[in-house]
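J.: File name target23.tsv; file contents TSV, C-alpha atoms; full text below.
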```tsv
chain	number	residue	atom	x	y	z
T	1	MET	CA	25.20	-17.20	7.26
T	2	GLN	CA	22.17	-19.40	6.65
T	3	ASP	CA	21.26	-20.22	3.04
T	4	ALA	CA	20.65	-17.16	0.90
T	5	ARG	CA	16.91	-17.60	0.42
T	6	SER	CA	16.16	-18.18	4.08
T	7	PHE	CA	18.27	-15.14	4.91
T	8	LEU	CA	16.35	-12.94	2.49
T	9	LYS	CA	13.00	-14.21	3.76
T	10	ASN	CA	14.08	-13.43	7.32
T	11	LEU	CA	14.91	-9.86	6.28
T	12	PHE	CA	11.43	-9.52	4.77
T	13	PHE	CA	9.68	-10.91	7.83
T	14	ARG	CA	11.71	-8.64	10.10
T	15	ALA	CA	10.52	-5.66	8.03
T	16	VAL	CA	6.91	-6.84	8.25
T	17	GLY	CA	7.10	-7.53	11.98
T	18	THR	CA	8.47	-4.05	12.64
T	19	ALA	CA	5.35	-2.57	11.04
T	20	ASP	CA	2.89	-4.70	13.02
T	21	PRO	CA	0.28	-2.34	14.53
T	22	MET	CA	0.57	-4.26	17.81
T	23	GLN	CA	4.12	-2.91	18.01
T	24	ASN	CA	3.30	0.67	17.04
T	25	ILE	CA	-0.18	1.84	18.06
T	26	ALA	CA	-0.12	1.80	21.87
T	27	ARG	CA	2.61	4.40	22.33
T	28	HIS	CA	0.69	6.92	20.23
T	29	LEU	CA	-2.60	6.62	22.12
T	30	PRO	CA	-3.53	9.29	24.68
T	31	PRO	CA	-5.30	8.25	27.88
T	32	ARG	CA	-8.80	7.08	27.08
T	33	PRO	CA	-11.09	10.14	27.09
T	34	ASP	CA	-13.81	10.43	29.69
T	35	GLY	CA	-16.46	11.25	27.12
T	36	ARG	CA	-17.61	9.47	23.99
T	37	LEU	CA	-14.89	7.75	21.93
T	38	VAL	CA	-15.66	6.75	18.33
T	39	VAL	CA	-13.17	4.68	16.32
T	40	VAL	CA	-13.34	4.69	12.51
T	41	GLY	CA	-10.89	3.84	9.77
T	42	ALA	CA	-9.96	1.97	6.64
T	43	GLY	CA	-7.03	0.10	5.16
T	44	LYS	CA	-5.41	-3.31	4.94
T	45	ALA	CA	-3.97	-2.80	8.45
T	46	SER	CA	-7.04	-1.13	9.95
T	47	ALA	CA	-8.51	-4.23	11.61
T	48	ARG	CA	-5.18	-5.02	13.27
T	49	MET	CA	-4.94	-1.37	14.32
T	50	ALA	CA	-8.41	-1.61	15.85
T	51	GLU	CA	-7.36	-4.76	17.68
T	52	ALA	CA	-4.32	-2.90	19.04
T	53	VAL	CA	-6.51	0.00	20.18
T	54	GLU	CA	-8.82	-2.30	22.11
T	55	THR	CA	-5.81	-3.97	23.71
T	56	VAL	CA	-5.16	-0.59	25.36
T	57	TYR	CA	-8.64	0.90	25.75
T	58	GLY	CA	-10.84	-2.16	26.04
T	59	PRO	CA	-14.05	-2.44	23.96
T	60	CYS	CA	-14.76	0.67	21.86
T	61	GLU	CA	-17.56	1.98	19.71
T	62	GLY	CA	-16.80	2.23	16.01
T	63	LEU	CA	-16.42	0.77	12.54
T	64	VAL	CA	-13.38	0.16	10.34
T	65	ILE	CA	-13.16	-1.26	6.82
T	66	THR	CA	-10.49	-3.71	5.75
T	67	ARG	CA	-9.78	-5.96	2.79
T	68	TYR	CA	-11.55	-9.28	2.45
T	69	GLY	CA	-9.68	-11.82	4.57
T	70	HIS	CA	-7.90	-9.21	6.73
T	71	ALA	CA	-10.42	-8.98	9.59
T	72	ARG	CA	-9.42	-9.35	13.25
T	73	PRO	CA	-11.49	-10.16	16.33
T	74	CYS	CA	-12.53	-7.00	18.18
T	75	ARG	CA	-14.72	-6.71	21.25
T	76	GLY	CA	-16.55	-3.51	20.37
T	77	ILE	CA	-15.32	-2.08	17.08
T	78	GLU	CA	-17.16	-3.54	14.09
T	79	ILE	CA	-14.97	-4.82	11.25
T	80	ALA	CA	-16.38	-4.56	7.73
T	81	GLU	CA	-14.64	-6.21	4.77
T	82	ALA	CA	-14.61	-4.90	1.21
T	83	SER	CA	-12.78	-5.15	-2.09
T	84	HIS	CA	-9.28	-3.92	-2.92
T	85	PRO	CA	-7.84	-2.54	-5.19
T	86	VAL	CA	-11.11	-1.87	-7.03
T	87	PRO	CA	-13.92	-0.65	-4.71
T	88	ASP	CA	-17.19	-2.53	-4.36
T	89	MET	CA	-20.67	-2.02	-2.92
T	90	ALA	CA	-19.66	-3.45	0.46
T	91	GLY	CA	-17.04	-0.72	0.83
T	92	LEU	CA	-19.49	1.96	-0.29
T	93	GLU	CA	-22.15	0.87	2.20
T	94	ALA	CA	-19.65	0.64	5.07
T	95	THR	CA	-18.29	4.09	4.20
T	96	ARG	CA	-21.79	5.57	4.33
T	97	ARG	CA	-22.27	3.99	7.75
T	98	ILE	CA	-19.03	5.59	8.97
T	99	LEU	CA	-20.19	9.00	7.71
T	100	ASN	CA	-23.53	8.54	9.48
T	101	LEU	CA	-21.72	7.58	12.69
T	102	LEU	CA	-19.54	10.69	12.51
T	103	ALA	CA	-22.56	12.88	11.84
T	104	GLU	CA	-23.79	11.99	15.33
T	105	THR	CA	-20.63	13.20	17.10
T	106	GLY	CA	-20.33	16.57	18.81
T	107	PRO	CA	-17.70	19.00	20.11
T	108	ASP	CA	-17.10	17.04	23.32
T	109	ASP	CA	-16.54	13.73	21.55
T	110	PHE	CA	-13.20	12.19	20.51
T	111	VAL	CA	-12.78	10.49	17.12
T	112	LEU	CA	-9.89	8.10	16.54
T	113	ALA	CA	-9.25	7.47	12.84
T	114	LEU	CA	-7.14	4.45	11.90
T	115	VAL	CA	-5.72	4.91	8.41
T	116	SER	CA	-3.48	2.62	6.37
T	117	GLY	CA	-2.64	1.73	2.80
T	118	GLY	CA	-5.53	0.29	0.84
T	119	GLY	CA	-7.94	2.78	2.37
T	120	SER	CA	-8.35	4.55	-0.97
T	121	ALA	CA	-10.31	1.60	-2.35
T	122	LEU	CA	-11.93	0.49	0.90
T	123	LEU	CA	-13.16	3.90	2.11
T	124	SER	CA	-15.18	4.55	-0.99
T	125	ALA	CA	-18.04	6.98	-1.42
T	126	PRO	CA	-18.06	8.85	-4.74
T	127	ALA	CA	-18.94	12.53	-4.93
T	128	ASN	CA	-22.53	13.42	-5.76
T	129	GLY	CA	-23.37	12.58	-9.37
T	130	ILE	CA	-20.76	9.82	-9.74
T	131	ASP	CA	-21.84	6.17	-9.64
T	132	LEU	CA	-19.76	3.41	-8.08
T	133	SER	CA	-19.53	1.60	-11.43
T	134	GLU	CA	-17.96	4.70	-12.99
T	135	LYS	CA	-15.45	4.97	-10.17
T	136	GLN	CA	-14.63	1.27	-10.60
T	137	ALA	CA	-13.98	1.77	-14.31
T	138	LEU	CA	-11.70	4.73	-13.66
T	139	THR	CA	-9.80	2.79	-10.95
T	140	ASP	CA	-9.18	-0.07	-13.39
T	141	SER	CA	-7.78	2.34	-15.96
T	142	LEU	CA	-5.57	4.15	-13.47
T	143	LEU	CA	-4.10	0.90	-12.13
T	144	ALA	CA	-3.28	-0.28	-15.66
T	145	CYS	CA	-1.64	2.88	-16.98
T	146	GLY	CA	1.50	2.85	-14.81
T	147	ALA	CA	0.81	6.15	-13.04
T	148	PRO	CA	2.51	6.66	-9.65
T	149	ILE	CA	0.37	6.46	-6.54
T	150	GLY	CA	0.60	10.22	-5.90
T	151	ASP	CA	-1.04	10.96	-9.25
T	152	ILE	CA	-3.72	8.31	-8.73
T	153	ASN	CA	-4.58	9.52	-5.25
T	154	GLY	CA	-4.73	13.13	-6.43
T	155	ILE	CA	-7.53	12.14	-8.78
T	156	ARG	CA	-9.27	10.00	-6.17
T	157	LYS	CA	-9.44	12.95	-3.78
T	158	GLN	CA	-11.22	15.11	-6.33
T	159	ILE	CA	-14.06	12.69	-6.98
T	160	SER	CA	-14.67	11.45	-3.43
T	161	ALA	CA	-17.12	12.27	-0.66
T	162	VAL	CA	-14.69	11.07	2.01
T	163	LYS	CA	-11.06	11.46	0.84
T	164	GLY	CA	-8.96	14.63	0.87
T	165	GLY	CA	-9.99	15.57	4.42
T	166	ARG	CA	-13.70	14.91	4.06
T	167	LEU	CA	-13.76	12.14	6.66
T	168	ALA	CA	-12.44	14.54	9.29
T	169	ALA	CA	-14.78	17.26	8.07
T	170	ALA	CA	-17.70	14.91	8.71
T	171	ALA	CA	-16.55	14.56	12.33
T	172	TYR	CA	-16.19	18.31	12.95
T	173	PRO	CA	-16.38	19.83	15.55
T	174	SER	CA	-15.20	16.69	17.37
T	175	LYS	CA	-11.51	16.41	18.12
T	176	THR	CA	-9.93	13.86	15.75
T	177	LEU	CA	-6.66	11.95	16.09
T	178	ALA	CA	-5.64	10.06	12.94
T	179	LEU	CA	-3.08	7.30	13.44
T	180	MET	CA	-1.51	6.26	10.15
T	181	ILE	CA	0.62	3.46	8.79
T	182	SER	CA	2.38	4.80	5.71
T	183	ASP	CA	2.56	2.87	2.46
T	184	VAL	CA	3.46	5.80	0.23
T	185	PRO	CA	6.79	7.20	-1.00
T	186	GLY	CA	7.74	10.17	1.15
T	187	ASP	CA	5.21	9.36	3.93
T	188	ASN	CA	2.99	12.31	3.02
T	189	PRO	CA	-0.12	11.97	5.24
T	190	GLY	CA	-2.23	13.37	2.42
T	191	ASP	CA	-1.30	10.41	0.20
T	192	ILE	CA	-1.92	7.62	2.73
T	193	ALA	CA	-5.33	6.21	1.74
T	194	SER	CA	-5.80	9.47	-0.20
T	195	GLY	CA	-5.75	11.53	3.01
T	196	PRO	CA	-9.24	11.16	4.51
T	197	THR	CA	-8.19	13.45	7.39
T	198	VAL	CA	-5.89	15.78	5.40
T	199	GLY	CA	-7.01	18.68	3.23
T	200	ASP	CA	-5.77	18.86	-0.34
T	201	ALA	CA	-4.30	21.85	-2.15
T	202	GLY	CA	-4.89	20.14	-5.50
T	203	ASN	CA	-7.76	21.00	-7.79
T	204	ALA	CA	-9.91	19.58	-10.54
T	205	SER	CA	-7.77	21.17	-13.27
T	206	ARG	CA	-4.72	19.33	-12.00
T	207	ALA	CA	-6.65	16.06	-11.94
T	208	ILE	CA	-7.72	16.59	-15.55
T	209	GLU	CA	-4.10	17.25	-16.54
T	210	VAL	CA	-2.92	14.05	-14.84
T	211	LEU	CA	-5.58	12.00	-16.62
T	212	ARG	CA	-4.43	13.43	-19.97
T	213	ARG	CA	-0.78	12.79	-19.13
T	214	TRP	CA	-1.47	9.10	-18.57
T	215	ASN	CA	-3.88	8.80	-21.52
T	216	VAL	CA	-6.81	7.85	-19.30
T	217	THR	CA	-10.29	8.77	-20.47
T	218	PRO	CA	-12.65	8.84	-17.48
T	219	PRO	CA	-16.39	8.08	-17.64
T	220	GLU	CA	-18.44	11.04	-18.83
T	221	SER	CA	-19.94	11.86	-15.43
T	222	ILE	CA	-16.46	12.12	-13.88
T	223	SER	CA	-15.28	14.36	-16.72
T	224	ARG	CA	-18.29	16.63	-16.20
T	225	TYR	CA	-17.72	16.73	-12.45
T	226	LEU	CA	-14.06	17.71	-12.85
T	227	GLU	CA	-14.78	20.27	-15.56
T	228	LYS	CA	-17.21	22.00	-13.16
T	229	GLY	CA	-14.36	22.39	-10.66
T	230	GLY	CA	-14.95	19.45	-8.32
T	231	ASN	CA	-15.32	20.16	-4.61
T	232	PRO	CA	-11.85	20.53	-3.05
T	233	LEU	CA	-11.35	20.79	0.71
T	234	MET	CA	-8.35	23.02	1.36
T	235	PRO	CA	-5.88	22.30	4.19
T	236	ASN	CA	-6.89	25.50	6.01
T	237	ASP	CA	-10.59	24.60	6.08
T	238	ILE	CA	-12.05	25.28	9.54
T	239	ARG	CA	-13.44	21.73	9.62
T	240	LEU	CA	-9.87	20.41	9.78
T	241	SER	CA	-8.81	22.67	12.64
T	242	ARG	CA	-9.31	19.99	15.32
T	243	VAL	CA	-7.40	17.20	13.55
T	244	GLU	CA	-4.01	15.76	14.47
T	245	ASN	CA	-2.31	13.37	12.02
T	246	VAL	CA	0.38	11.00	13.35
T	247	ILE	CA	2.38	8.41	11.40
T	248	CYS	CA	2.92	5.31	13.56
T	249	ALA	CA	4.84	3.08	11.14
T	250	ALA	CA	6.64	3.79	7.88
T	251	PRO	CA	8.81	2.01	5.29
T	252	SER	CA	11.98	3.64	6.61
T	253	GLN	CA	11.52	1.96	10.00
T	254	SER	CA	11.08	-1.45	8.41
T	255	LEU	CA	14.13	-1.02	6.18
T	256	ALA	CA	16.19	0.07	9.19
T	257	ALA	CA	15.18	-3.09	11.07
T	258	ALA	CA	16.11	-5.28	8.10
T	259	ALA	CA	19.41	-3.41	7.73
T	260	LYS	CA	20.24	-4.04	11.37
T	261	LEU	CA	19.56	-7.76	10.97
T	262	ALA	CA	21.67	-7.97	7.81
T	263	GLY	CA	24.52	-6.13	9.54
T	264	SER	CA	24.42	-8.57	12.43
T	265	GLU	CA	25.06	-11.36	9.90
T	266	GLY	CA	28.26	-9.68	8.74
T	267	CYS	CA	26.90	-7.97	5.63
T	268	GLU	CA	27.71	-4.56	4.29
T	269	VAL	CA	24.36	-2.84	3.92
T	270	CYS	CA	23.30	-0.10	1.53
T	271	VAL	CA	19.78	1.32	1.76
T	272	LEU	CA	18.94	2.63	-1.70
T	273	GLY	CA	15.87	4.48	-0.43
T	274	ASP	CA	12.43	3.93	1.05
T	275	SER	CA	10.50	5.90	-1.56
T	276	ILE	CA	11.62	4.47	-4.91
T	277	GLU	CA	9.03	4.78	-7.68
T	278	GLY	CA	9.00	3.85	-11.34
T	279	GLU	CA	8.22	1.04	-13.76
T	280	ALA	CA	9.04	-2.23	-12.00
T	281	SER	CA	10.99	-3.74	-14.90
T	282	GLU	CA	13.06	-0.60	-15.41
T	283	VAL	CA	13.98	-0.31	-11.73
T	284	ALA	CA	14.99	-3.98	-11.82
T	285	VAL	CA	17.45	-3.33	-14.65
T	286	ALA	CA	19.03	-0.48	-12.69
T	287	HIS	CA	19.28	-2.60	-9.53
T	288	ALA	CA	20.85	-5.49	-11.45
T	289	SER	CA	23.60	-3.13	-12.60
T	290	LEU	CA	24.17	-1.98	-9.02
T	291	ALA	CA	24.36	-5.57	-7.80
T	292	LEU	CA	26.93	-6.58	-10.41
T	293	ARG	CA	29.12	-3.64	-9.40
T	294	ALA	CA	28.73	-4.29	-5.66
T	295	ARG	CA	30.68	-7.55	-5.50
T	296	GLY	CA	33.44	-7.47	-2.94
T	297	SER	CA	35.25	-9.46	-0.29
T	298	LYS	CA	32.22	-9.76	2.01
T	299	PRO	CA	28.47	-10.15	1.54
T	300	VAL	CA	26.60	-7.02	0.47
T	301	VAL	CA	22.88	-6.33	0.91
T	302	LEU	CA	21.04	-3.68	-1.09
T	303	LEU	CA	17.70	-2.70	0.48
T	304	SER	CA	14.93	-0.55	-0.96
T	305	GLY	CA	11.27	0.30	-0.50
T	306	GLY	CA	8.68	2.48	-2.16
T	307	GLU	CA	5.96	1.65	-4.66
T	308	LEU	CA	6.73	0.45	-8.15
T	309	THR	CA	4.16	0.37	-10.94
T	310	VAL	CA	3.36	-1.82	-13.91
T	311	THR	CA	2.01	-0.58	-17.21
T	312	ARG	CA	-0.23	-3.42	-18.31
T	313	HIS	CA	0.39	-4.63	-21.85
T	314	GLY	CA	-0.45	-8.32	-21.57
T	315	ASP	CA	-3.16	-10.61	-20.27
T	316	GLY	CA	-1.18	-12.37	-17.55
T	317	THR	CA	-1.37	-12.37	-13.76
T	318	GLY	CA	1.28	-10.29	-12.06
T	319	GLY	CA	2.16	-7.49	-9.71
T	320	PRO	CA	4.94	-4.92	-9.29
T	321	ASN	CA	7.06	-7.08	-6.98
T	322	ALA	CA	6.89	-10.25	-9.04
T	323	GLU	CA	7.46	-8.26	-12.23
T	324	TYR	CA	10.52	-6.61	-10.65
T	325	ALA	CA	11.87	-10.02	-9.61
T	326	LEU	CA	11.32	-11.51	-13.06
T	327	ALA	CA	12.94	-8.58	-14.86
T	328	LEU	CA	15.86	-8.74	-12.39
T	329	ALA	CA	16.42	-12.44	-13.09
T	330	ILE	CA	16.38	-11.82	-16.85
T	331	GLU	CA	18.86	-8.96	-16.55
T	332	LEU	CA	21.24	-10.87	-14.25
T	333	GLN	CA	21.23	-13.96	-16.52
T	334	GLY	CA	22.18	-16.32	-13.71
T	335	ALA	CA	25.03	-14.19	-12.35
T	336	HIS	CA	26.85	-16.16	-9.67
T	337	GLY	CA	26.17	-15.33	-6.03
T	338	ILE	CA	23.36	-12.79	-6.52
T	339	HIS	CA	20.02	-13.51	-4.85
T	340	ALA	CA	17.01	-11.26	-4.34
T	341	ILE	CA	13.56	-11.02	-2.80
T	342	SER	CA	10.80	-8.60	-3.74
T	343	CYS	CA	7.53	-8.63	-1.80
T	344	ASP	CA	4.69	-6.36	-0.76
T	345	THR	CA	4.57	-6.07	3.01
T	346	ASP	CA	0.79	-6.55	3.06
T	347	GLY	CA	1.14	-10.01	1.50
T	348	VAL	CA	-0.71	-8.96	-1.66
T	349	ASP	CA	1.22	-8.09	-4.83
T	350	GLY	CA	-1.15	-6.49	-7.31
T	351	ALA	CA	-4.49	-8.25	-7.21
T	352	ALA	CA	-3.01	-11.69	-6.43
T	353	GLU	CA	-2.91	-13.34	-3.02
T	354	VAL	CA	0.88	-13.59	-3.33
T	355	ALA	CA	3.42	-11.37	-1.57
T	356	GLY	CA	6.13	-11.63	-4.23
T	357	ALA	CA	9.02	-13.85	-5.24
T	358	VAL	CA	12.66	-14.82	-4.74
T	359	VAL	CA	15.28	-15.16	-7.46
T	360	GLY	CA	18.82	-16.46	-7.67
T	361	PRO	CA	21.45	-17.79	-10.05
T	362	GLU	CA	19.31	-20.88	-10.75
T	363	THR	CA	16.06	-19.05	-11.62
T	364	LEU	CA	16.42	-19.18	-15.40
T	365	LEU	CA	17.62	-22.81	-15.26
T	366	LYS	CA	14.48	-23.73	-13.32
T	367	ALA	CA	12.40	-21.96	-15.94
T	368	ALA	CA	14.08	-23.87	-18.77
T	369	LYS	CA	13.40	-27.19	-17.03
T	370	LYS	CA	9.73	-26.25	-16.59
T	371	ARG	CA	9.50	-24.99	-20.18
T	372	VAL	CA	8.35	-21.51	-19.18
T	373	ASP	CA	9.77	-18.56	-21.13
T	374	PRO	CA	10.80	-15.68	-18.82
T	375	VAL	CA	10.91	-13.06	-21.58
T	376	ASN	CA	7.46	-13.98	-22.85
T	377	SER	CA	6.14	-14.05	-19.27
T	378	LEU	CA	7.45	-10.53	-18.70
T	379	ALA	CA	5.97	-9.26	-21.97
T	380	ARG	CA	2.56	-10.66	-20.96
T	381	ASN	CA	2.78	-9.26	-17.39
T	382	ASP	CA	2.49	-12.88	-16.24
T	383	SER	CA	5.11	-12.87	-13.49
T	384	HIS	CA	2.98	-14.59	-10.84
T	385	THR	CA	2.37	-17.54	-13.15
T	386	PHE	CA	6.10	-17.73	-13.93
T	387	PHE	CA	7.12	-17.94	-10.28
T	388	ARG	CA	4.29	-20.32	-9.42
T	389	VAL	CA	5.46	-22.74	-12.10
T	390	ILE	CA	9.10	-22.73	-10.92
T	391	GLY	CA	8.11	-22.80	-7.23
T	392	ASP	CA	9.59	-19.47	-6.12
T	393	GLN	CA	6.54	-17.49	-5.00
T	394	ILE	CA	6.39	-16.01	-1.50
T	395	VAL	CA	2.90	-16.60	-0.09
T	396	THR	CA	2.28	-15.20	3.40
T	397	GLY	CA	-1.46	-14.67	3.61
T	398	PRO	CA	-2.61	-11.37	5.17
T	399	THR	CA	0.24	-9.80	7.15
T	400	LEU	CA	-2.19	-7.28	8.75
T	401	THR	CA	0.08	-4.34	8.01
T	402	ASN	CA	1.20	-2.40	4.94
T	403	VAL	CA	4.36	-0.34	4.50
T	404	ASN	CA	4.58	-1.10	0.80
T	405	ASP	CA	7.26	-2.84	-1.24
T	406	PHE	CA	10.31	-4.50	0.28
T	407	ARG	CA	13.26	-5.43	-1.89
T	408	ALA	CA	16.58	-6.97	-0.83
T	409	LEU	CA	19.48	-8.07	-3.02
T	410	LEU	CA	22.19	-10.26	-1.48
T	411	ILE	CA	25.52	-10.20	-3.30
T	412	LEU	CA	27.85	-12.92	-2.06
T	413	PRO	CA	31.66	-12.62	-2.42
```
Kindly transcribe the structure held in the file into structure tokens.

T.:
Amino acid sequence: MQDARSFLKNLFFRAVGTADPMQNIARHLPPRPDGRLVVVGAGKASARMAEAVETVYGPCEGLVITRYGHARPCRGIEIAEASHPVPDMAGLEATRRILNLLAETGPDDFVLALVSGGGSALLSAPANGIDLSEKQALTDSLLACGAPIGDINGIRKQISAVKGGRLAAAAYPSKTLALMISDVPGDNPGDIASGPTVGDAGNASRAIEVLRRWNVTPPESISRYLEKGGNPLMPNDIRLSRVENVICAAPSQSLAAAAKLAGSEGCEVCVLGDSIEGEASEVAVAHASLALRARGSKPVVLLSGGELTVTRHGDGTGGPNAEYALALAIELQGAHGIHAISCDTDGVDGAAEVAGAVVGPETLLKAAKKRVDPVNSLARNDSHTFFRVIGDQIVTGPTLTNVNDFRALLILP
């Protein structure tokens, strides 16, 4: 086997490559329709998805929204860039343009929606009576409270003019095919980018309960909107009757590819799950215990995916993957022969332009030499700074896909 860190990085890049839209979109496309074709979408992978579509169809009419820095060259589809994870005016204006474009479609037209993780922030048009600034404030609070993505997206759907099926409703009565790259635990289409083409059985009362559970006080206009009942779009709404939702890439596929590679290197492989949720530092403690018990006569690899969260207590710069890695290193205390990588497959962990980090038996020794305190860094949610100082960040730039977190622990004999 190659050195442990290179091996772990190769597993990560195999997982990312498996989720590349260029490898997944073409086989899900029907023959190009004879009539009008309109391509819309949003997400960190949406520009790459649009590029893949035009590789098959040639130049197309349409508009997709992606994160700043994630654009791709397209011959017909316009690529707009906007802010993630907190929405901005660029995303709002591009979303309005998409809705106007869909308003011009008719029953003989075909709409292709390209949906991937990150679309919740990028495809952003608040419901009537809610200002963008108020939605931004609520998003900040939700991201800081440690709530799982399902709870956050349930609230987003209730206060949006485009999520929870409303994008598809705007295209009705056109036929709509939504191609999705999943970044959510369980691969529920209604949770991917908050389900712009999927109706929602939730309601405003449930959203209010979730906000109370996580001690989040929304701006007054959002409270008033929810207390009046919101404007849910149920799954059986007639405007969703001409929609087909298809998942093209998912975390399970990427983990399977990484598992196959690890097995070819002579490792025993255990996939812990592709939909793990929870506080990043707490999951790290549990995984450290598993790793210590997994030692044997041959190398063992523990793989997992999902979406971890961080409850913000400090003023540092971090993200769920780096925080997991830091907590893991602290818990392992330099245990011999145990190495790990934790990265977000989109190349962005939290709000930082860093995918994640690697750790090993020497991590805490490196920290001592650099005079950086791992326990204090964890308490301040300053994991990205910690790994930058000791030189163990993984920086990929935009990967142009997004199937969420990737974690691999290598336990040598």

J.: Find the residues around stretch 292-299 of chain T up to 6 Å (all atoms listed in the file counted), leave out those fewer than 3 positions away in its own chain, and share them as number ranges by chain.

T.: T: 267, 289, 411-413

J.: What would the file look like if the residues just selected were written as a CSV table (one decimal), keeping the file's coordinate frame with C-alpha atoms?

T.:
```csv
chain,number,residue,atom,x,y,z
T,267,CYS,CA,26.9,-8.0,5.6
T,289,SER,CA,23.6,-3.1,-12.6
T,411,ILE,CA,25.5,-10.2,-3.3
T,412,LEU,CA,27.8,-12.9,-2.1
T,413,PRO,CA,31.7,-12.6,-2.4
```

J.: Quick one: residues within 12 Å of T:Ala286, only C-alpha atoms, excluding same-chain residues fewer than 4 positions away - as a list in words?

T.: Leu272, Ile276, Gly278, Glu279, Ala280, Ser281, Glu282, Leu290, Ala291, Leu292, Arg293, Tyr324, Ala327, Leu328, Glu331 and Leu332 of chain T

J.: Could you please take those selected residues and save C-alpha atoms as a compact mmCIF listing (two decimals), in the frame of the given file?

T.:
```
# COMPACT_ATOMS: atom_id res chain seq x y z
CA LEU T 272 18.94 2.63 -1.70
CA ILE T 276 11.62 4.47 -4.91
CA GLY T 278 9.00 3.85 -11.34
CA GLU T 279 8.22 1.04 -13.76
CA ALA T 280 9.04 -2.23 -12.00
CA SER T 281 10.99 -3.74 -14.90
CA GLU T 282 13.06 -0.60 -15.41
CA LEU T 290 24.17 -1.98 -9.02
CA ALA T 291 24.36 -5.57 -7.80
CA LEU T 292 26.93 -6.58 -10.41
CA ARG T 293 29.12 -3.64 -9.40
CA TYR T 324 10.52 -6.61 -10.65
CA ALA T 327 12.94 -8.58 -14.86
CA LEU T 328 15.86 -8.74 -12.39
CA GLU T 331 18.86 -8.96 -16.55
CA LEU T 332 21.24 -10.87 -14.25
```

J.: Please provide as JSON, numbers by chain all residues within 8 Å of stretch 239-255 of chain T, with the sequence filter that same-chain residues fewer than 2 positions apart are discarded (counting all atoms listed in the file).

T.: {"T": [14, 15, 16, 18, 19, 21, 24, 25, 28, 165, 168, 169, 172, 173, 174, 175, 176, 177, 178, 179, 180, 181, 182, 183, 187, 189, 197, 198, 199, 235, 236, 237, 257, 258, 259, 271, 274, 303, 304, 305, 306, 403, 404, 406]}

J.: Would you mind listing what lies within 9 Å of T:Thr363 as a PyMOL selection string, with all atoms listed in the file counted and same-chain residues fewer than 6 positions away left out?

T.: chain T and resi 329-330+333-334+390+392

J.: Atoms to include: C-alpha atoms. Write the selected residues as a PDB file, in the frame of the given file.

T.:
```pdb
ATOM      1  CA  ALA T 329      16.420 -12.440 -13.090  1.00  0.00           C
ATOM      2  CA  ILE T 330      16.380 -11.820 -16.850  1.00  0.00           C
ATOM      3  CA  GLN T 333      21.230 -13.960 -16.520  1.00  0.00           C
ATOM      4  CA  GLY T 334      22.180 -16.320 -13.710  1.00  0.00           C
ATOM      5  CA  ILE T 390       9.100 -22.730 -10.920  1.00  0.00           C
ATOM      6  CA  ASP T 392       9.590 -19.470  -6.120  1.00  0.00           C
TER       7      ASP T 392
END
```

J.: Which distance in Å separates atom CA of T:Phe12 and atom CA of T:Gly319, to one decimal?

T.: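 Here the two named atoms are 17.3 Å from each other.
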
J.: I need the residue nearest T:Ile65 from this list: T:Val283, T:Ala113, T:Leu37, T:Ala335. Use all atoms listed in the file for the distance.

T.: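 Comparing T:Val283, T:Ala113, T:Leu37, T:Ala335 against T:Ile65, the winner is T:Ala113.
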
J.: Given all atoms listed in the file as the basis, pick out the residue of T:Ser377, T:Ser194, T:Asn188, T:Ser383 nearest to T:Pro320.

T.: T:Ser383

J.: Could you state the separation of atom CA of T:Val86 and atom CA of T:Val64 in Å, given to one decimal place?

T.: 17.6 Å

J.: Find, counting all atoms listed in the file, the residue in T:Ser116, T:Thr309, T:Ser223, T:Gln158 that gets nearest to T:Gly146.

T.: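 Result for the nearest residue to T:Gly146: T:Thr309.
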
J.: Rounded to one decimal place, report the atom CA of T:Glu78-atom CA of T:Ala161 distance in Å.

T.: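 Separation between atom CA of T:Glu78 and atom CA of T:Ala161: 21.6 Å.
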
J.: Tell me, as an MDAnalysis selection string, which residues lie within 6 Å of stretch 120-133 of chain T, counting all atoms listed in the file; anything in the same chain fewer than 6 positions away does not count.

T.: chainID T and resid 42 84:87 91:92 95 159:161 193:194

J.: Please dump the current selection as a short mmCIF file (atom, residue, chain, number, x, y, z; two decimals), in the coordinates of the input; keep C-alpha atoms.

T.:
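Wrote it out as result_38.cif, contents follow:
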```cif
data_model
loop_
_atom_site.label_atom_id
_atom_site.label_comp_id
_atom_site.auth_asym_id
_atom_site.auth_seq_id
_atom_site.Cartn_x
_atom_site.Cartn_y
_atom_site.Cartn_z
CA ALA T 42 -9.96 1.97 6.64
CA HIS T 84 -9.28 -3.92 -2.92
CA PRO T 85 -7.84 -2.54 -5.19
CA VAL T 86 -11.11 -1.87 -7.03
CA PRO T 87 -13.92 -0.65 -4.71
CA GLY T 91 -17.04 -0.72 0.83
CA LEU T 92 -19.49 1.96 -0.29
CA THR T 95 -18.29 4.09 4.20
CA ILE T 159 -14.06 12.69 -6.98
CA SER T 160 -14.67 11.45 -3.43
CA ALA T 161 -17.12 12.27 -0.66
CA ALA T 193 -5.33 6.21 1.74
CA SER T 194 -5.80 9.47 -0.20
#
```

J.: When you count all atoms listed in the file, which of these residues is closest to T:Leu142: T:Ser6, T:Gln393, T:Ser221, T:Thr311?

T.: T:Thr311
